[in-house]
$ cat start29.cif   # mmCIF, C-alpha atoms and all ligand atoms
data_run
#
loop_
_atom_site.label_atom_id
_atom_site.label_comp_id
_atom_site.auth_asym_id
_atom_site.auth_seq_id
_atom_site.Cartn_x
_atom_site.Cartn_y
_atom_site.Cartn_z
CA MET K 14 173.66 46.77 24.16
CA GLY K 15 171.18 44.96 21.94
CA ALA K 16 168.05 46.77 20.93
CA ILE K 17 164.85 45.03 19.94
CA GLY K 18 161.73 46.97 19.03
CA THR K 19 160.22 44.46 16.66
CA VAL K 20 157.07 42.68 17.72
CA SER K 21 156.46 39.04 16.99
CA ALA K 22 154.39 36.28 18.48
CA LEU K 23 156.81 33.66 17.21
CA TRP K 24 159.99 33.27 19.16
CA PRO K 25 161.92 31.39 16.46
CA PHE K 26 161.62 34.54 14.38
CA PHE K 27 164.29 36.09 16.55
CA ALA K 28 166.78 33.45 15.55
CA SER K 29 166.97 35.31 12.25
CA LEU K 30 167.82 38.67 13.80
CA SER K 31 171.50 38.34 13.05
CA PRO K 32 172.57 41.88 14.12
CA ALA K 33 171.62 41.11 17.69
CA ARG K 34 172.76 37.52 17.92
CA ASP K 35 176.30 38.14 19.07
CA THR K 36 175.11 40.57 21.68
CA ILE K 37 172.45 38.20 22.86
CA ALA K 38 174.81 35.26 22.96
CA ALA K 39 177.19 37.27 25.11
CA GLY K 40 174.47 37.74 27.68
CA ALA K 41 174.29 41.51 27.47
CA PRO K 42 171.01 43.17 28.42
CA ILE K 43 168.61 43.81 25.57
CA ASP K 44 166.24 46.74 25.20
CA VAL K 45 162.65 46.16 24.15
CA ASP K 46 160.17 48.82 23.05
CA VAL K 47 157.03 47.64 24.81
CA SER K 48 154.81 50.42 23.47
CA THR K 49 153.83 48.33 20.46
CA ILE K 50 152.70 45.30 22.48
CA LYS K 51 148.94 45.61 22.54
CA PRO K 52 146.82 44.42 25.48
CA GLY K 53 146.47 40.65 25.17
CA GLN K 54 149.54 40.35 22.96
CA GLN K 55 152.82 38.62 23.76
CA ILE K 56 156.20 38.92 22.13
CA THR K 57 159.20 36.70 22.63
CA VAL K 58 162.81 37.85 22.65
CA VAL K 59 165.95 35.88 23.39
CA TRP K 60 168.27 36.65 26.26
CA ARG K 61 171.17 34.42 27.29
CA GLY K 62 169.77 31.74 25.01
CA HIS K 63 166.43 31.67 26.78
CA PRO K 64 163.09 32.62 25.25
CA ILE K 65 161.78 35.60 27.20
CA PHE K 66 158.02 36.11 27.09
CA ILE K 67 156.73 39.67 27.44
CA LEU K 68 152.96 39.67 27.78
CA HIS K 69 150.74 42.75 27.97
CA ARG K 70 147.92 41.60 30.24
CA THR K 71 144.43 43.04 30.00
CA PRO K 72 142.51 44.43 33.01
CA ASP K 73 140.31 41.31 33.01
CA GLU K 74 143.37 39.05 33.06
CA LEU K 75 144.84 41.01 35.96
CA LYS K 76 141.58 40.71 37.82
CA MET K 77 141.58 36.95 37.36
CA LEU K 78 145.03 36.66 38.95
CA GLN K 79 143.58 37.89 42.24
CA GLU K 80 140.52 35.66 42.32
CA ALA K 81 140.29 32.50 44.41
CA LYS K 82 139.23 30.41 41.45
CA ASP K 83 142.72 31.02 40.11
CA THR K 84 144.88 31.31 43.23
CA GLY K 85 143.16 28.35 44.90
CA LEU K 86 144.47 26.08 42.16
CA LEU K 87 148.10 27.14 42.40
CA ARG K 88 151.08 25.44 44.03
CA ASP K 89 152.94 28.64 44.97
CA PRO K 90 150.47 31.53 44.58
CA ASP K 91 152.57 33.93 46.68
CA SER K 92 155.83 33.28 44.85
CA GLN K 93 157.62 32.00 47.93
CA GLN K 94 160.01 29.81 45.97
CA PRO K 95 163.02 31.71 44.58
CA GLN K 96 161.87 31.79 40.99
CA GLN K 97 161.92 35.57 40.61
CA PRO K 98 163.63 38.75 41.83
CA SER K 99 162.15 40.45 44.90
CA TYR K 100 160.40 43.07 42.77
CA ALA K 101 158.39 40.32 41.07
CA ALA K 102 157.37 38.48 44.26
CA ASN K 103 153.90 40.03 44.25
CA TRP K 104 150.48 38.97 42.99
CA HIS K 105 151.24 40.03 39.41
CA ARG K 106 154.89 38.82 39.49
CA SER K 107 156.15 41.92 37.73
CA LEU K 108 157.23 45.54 38.08
CA LYS K 109 154.21 46.98 36.26
CA PRO K 110 151.06 44.88 36.56
CA GLU K 111 150.30 45.00 32.85
CA HIS K 112 153.66 43.64 31.67
CA LEU K 113 154.56 40.08 32.57
CA VAL K 114 158.16 39.05 31.85
CA LEU K 115 159.02 35.36 32.06
CA ILE K 116 161.76 32.98 31.06
CA GLY K 117 159.66 30.75 28.82
CA VAL K 118 161.07 27.41 29.95
CA CYS K 119 158.87 24.84 31.66
CA THR K 120 160.17 23.90 35.11
CA HIS K 121 159.43 20.24 34.45
CA LEU K 122 161.85 19.25 31.70
CA GLY K 123 162.49 22.45 29.83
CA CYS K 124 159.97 22.60 27.00
CA ILE K 125 158.61 25.97 25.89
CA PRO K 126 155.05 26.48 27.14
CA ARG K 127 152.58 28.19 24.85
CA LEU K 128 150.26 31.03 25.71
CA GLU K 129 146.64 29.93 26.01
CA ALA K 130 145.15 33.15 27.31
CA ALA K 131 141.50 32.47 26.56
CA PRO K 132 139.53 30.81 29.37
CA GLY K 133 137.84 27.47 28.73
CA GLY K 134 138.25 25.87 25.32
CA ASP K 135 140.23 22.68 24.80
CA LEU K 136 141.81 23.00 28.25
CA GLY K 137 138.50 22.59 30.00
CA ALA K 138 135.71 24.69 31.41
CA ASN K 139 137.78 25.54 34.50
CA TRP K 140 140.76 26.79 32.53
CA PRO K 141 141.23 30.45 33.58
CA GLY K 142 143.77 31.27 30.87
CA GLY K 143 147.52 30.93 31.17
CA TYR K 144 150.38 28.89 29.75
CA PHE K 145 150.17 25.27 28.72
CA CYS K 146 153.15 23.00 28.18
CA PRO K 147 152.07 20.28 25.75
CA CYS K 148 155.07 18.04 26.50
CA HIS K 149 153.54 16.54 29.65
CA GLY K 150 150.59 18.80 30.36
CA SER K 151 151.94 21.34 32.85
CA LYS K 152 149.84 24.45 33.32
CA TYR K 153 150.63 27.93 34.60
CA ASP K 154 148.41 30.96 35.06
CA LEU K 155 148.90 34.35 33.44
CA ALA K 156 151.51 35.25 36.06
CA GLY K 157 153.48 32.08 35.30
CA ARG K 158 152.37 30.44 38.56
CA VAL K 159 152.19 26.67 38.30
CA PHE K 160 148.95 24.81 38.95
CA ASN K 161 148.65 21.94 41.40
CA GLY K 162 148.60 18.43 40.01
CA VAL K 163 150.89 18.93 37.02
CA PRO K 164 154.45 17.63 36.49
CA ALA K 165 156.15 21.03 36.72
CA PRO K 166 157.20 21.73 40.32
CA LEU K 167 157.80 25.47 40.25
CA ASN K 168 156.54 28.74 38.84
CA LEU K 169 158.01 29.96 35.57
CA PRO K 170 161.15 32.03 36.27
CA VAL K 171 161.24 35.82 36.02
CA PRO K 172 164.52 37.28 34.71
CA PRO K 173 166.08 40.52 35.93
CA TYR K 174 164.64 43.48 34.05
CA ASN K 175 163.91 47.16 34.38
CA TYR K 176 162.35 50.10 32.58
CA ILE K 177 164.89 52.66 31.45
CA LYS K 178 162.07 54.81 30.02
CA ASP K 179 158.34 54.49 30.43
CA ASN K 180 157.98 52.18 27.43
CA LEU K 181 161.52 50.94 27.10
CA MET K 182 162.26 47.74 28.96
CA ARG K 183 165.76 46.43 29.55
CA VAL K 184 165.86 42.67 29.97
CA GLY K 185 168.88 41.49 31.94
CA GLU K 186 169.28 44.52 34.20
CA ASN K 187 167.68 45.15 37.59
CA PRO K 188 166.19 48.43 38.81
CA PRO K 189 168.78 50.66 40.50
CA GLY K 190 169.94 49.46 43.88
CA ILE K 191 168.85 45.85 43.41
CA ASN K 192 171.27 43.01 42.91
CA PHE K 193 169.61 39.93 41.53
CA GLU K 194 171.39 37.31 39.47
CA ILE K 195 169.74 34.76 37.26
CA SER K 196 171.79 32.15 39.14
CA GLU K 197 169.59 32.83 42.20
CA ILE K 198 166.62 31.27 40.44
CA GLU K 199 166.00 27.79 41.82
CA GLN K 200 165.24 26.20 38.48
CA ILE K 201 165.12 27.23 34.87
S1 LIG K 301 158.48 19.84 30.01
FE1 LIG K 301 156.67 20.96 30.37
S2 LIG K 301 155.31 19.47 31.12
FE2 LIG K 301 157.14 18.37 30.85
#
$ encode --input "start29.cif" --output "structure tokens"
Amino acid sequence: MGAIGTVSALWPFFASLSPARDTIAAGAPIDVDVSTIKPGQQITVVWRGHPIFILHRTPDELKMLQEAKDTGLLRDPDSQQPQQPSYAANWHRSLKPEHLVLIGVCTHLGCIPRLEAAPGGDLGANWPGGYFCPCHGSKYDLAGRVFNGVPAPLNLPVPPYNYIKDNLMRVGENPPGINFEISEIEQI
């Protein structure tokens, strides 16, 4: 079992974590201490070769996810496409509303989107905050739900994960009694 408690906003940083690389490459679940991820902060870990975003959303960000000015712009606001396990097919696309867990791979052609959580700015006055993929301009909200009118066809995938303690997340393992395989995701 790999164990990652280090916080970083830069996913390439994890390429240098040699003690965990063999474990990660083998596809074993990895444990992440989420207690140190402050509201508004995201860390990235690597599981099965994929960047895994873990974002601690603020109350305002969670509120936005339920407002029509966000959901009205989305292609699949109710997560009907099989891009997540059943326990993430809800308005916040996660087990606990505050923690978003995504496979950080754009569903267009596989670039790594970047977090642009602040509303407005360079992405326009209507930008509610979310993820932006600079490769071809795909946009996702702060639940990884894709916007209409961008090249990416599907929401960002959610991997299997669970909490084995209140603040200890295990990426790669479902909650008890649930069988969900990453192969069930339509597109990564
Ligand atoms: S790969 Fe993300 S927009 Fe093309």
$ atom_distance --input "start29.cif" --atom1 "CA of Glu111 in chain K" --atom2 "CA of Arg70 in chain K"
4.9 Å
$ residues_near_ligand --input "start29.cif" --ligand "ligand LIG 301 (chain K)" --cutoff "9 Å" --atoms "only C-alpha atoms and all ligand atoms" --output "PyMOL selection string"
chain K and resi 118-126+145-152+163-165
$ residues_around --input "start29.cif" --residues "range 95-101 of chain K" --least-positions-apart "4" --cutoff "9 Å" --atoms "all atoms listed in the file" --output "compact mmCIF listing (two decimals) with C-alpha atoms, keeping the file's coordinate frame"
# COMPACT_ATOMS: atom_id res chain seq x y z
CA HIS K 105 151.24 40.03 39.41
CA ARG K 106 154.89 38.82 39.49
CA SER K 107 156.15 41.92 37.73
CA LEU K 108 157.23 45.54 38.08
CA LEU K 167 157.80 25.47 40.25
CA ASN K 168 156.54 28.74 38.84
CA LEU K 169 158.01 29.96 35.57
CA PRO K 170 161.15 32.03 36.27
CA VAL K 171 161.24 35.82 36.02
CA PRO K 172 164.52 37.28 34.71
CA PRO K 173 166.08 40.52 35.93
CA ASN K 187 167.68 45.15 37.59
CA PRO K 188 166.19 48.43 38.81
CA ILE K 191 168.85 45.85 43.41
CA ASN K 192 171.27 43.01 42.91
CA PHE K 193 169.61 39.93 41.53
CA GLU K 194 171.39 37.31 39.47
CA ILE K 195 169.74 34.76 37.26
CA GLU K 197 169.59 32.83 42.20
CA ILE K 198 166.62 31.27 40.44
CA GLU K 199 166.00 27.79 41.82
CA GLN K 200 165.24 26.20 38.48
CA ILE K 201 165.12 27.23 34.87
$ residues_around --input "start29.cif" --residues "range 182-186 of chain K" --least-positions-apart "6" --cutoff "9 Å" --atoms "only C-alpha atoms" --output "list in words"
Ala16, Gly40, Ala41, Pro42, Ile43, Asp44, Val45, Asp46, Val47, Trp60, Arg61, Ile65, Val114, Pro172, Pro173, Tyr174, Asn175, Tyr176, Phe193, Glu194 and Ile195 of chain K
$ closest_residue --input "start29.cif" --among "K:Asn161, K:Thr57, K:Thr49, K:Thr71" --to "Pro90 in chain K" --atoms "only C-alpha atoms"
K:Asn161
$ closest_residue --input "start29.cif" --among "K:Glu129, K:Glu80, K:Asp91, K:Asp179" --to "Gly53 in chain K" --atoms "only C-alpha atoms"
K:Glu129
$ residues_around --input "start29.cif" --residues "Leu86 in chain K" --least-positions-apart "5" --cutoff "9 Å" --atoms "all atoms listed in the file" --output "list in words"
Ala81, Val159, Phe160, Asn161 and Gly162 of chain K
$ residues_around --input "start29.cif" --residues "Gln55 in chain K" --least-positions-apart "5" --cutoff "7 Å" --atoms "only C-alpha atoms" --output "list in words"
Ala22, Ile50, Phe66, Ile67, Leu68 and His69 of chain K
$ closest_residue --input "start29.cif" --among "K:Arg127, K:Glu74, K:Pro52, K:Tyr153" --to "Pro166 in chain K" --atoms "all atoms listed in the file"
K:Tyr153
$ residues_near_point --input "start29.cif" --point "(145.4, 30.9, 37.6)" --cutoff "6 Å" --atoms "all atoms listed in the file" --output "VMD selection string"
chain K and resid 78 83 to 84 141 154
$ atom_distance --input "start29.cif" --atom1 "CA of Leu115 in chain K" --atom2 "CA of Val59 in chain K"
11.1 Å
$ closest_residue --input "start29.cif" --among "K:Gly137, K:Asn180, K:Pro189, K:Trp104" --to "Met77 in chain K" --atoms "all atoms listed in the file"
K:Trp104
$ closest_residue --input "start29.cif" --among "K:Gln54, K:Ser92, K:Ser196, K:Gln79" --to "Ala131 in chain K" --atoms "all atoms listed in the file"
K:Gln54
$ atom_distance --input "start29.cif" --atom1 "CA of Ile56 in chain K" --atom2 "CA of Asp135 in chain K"
22.9 Å
$ closest_residue --input "start29.cif" --among "K:Ile116, K:His63, K:Ala156, K:Gln94" --to "Ala130 in chain K" --atoms "all atoms listed in the file"
K:Ala156
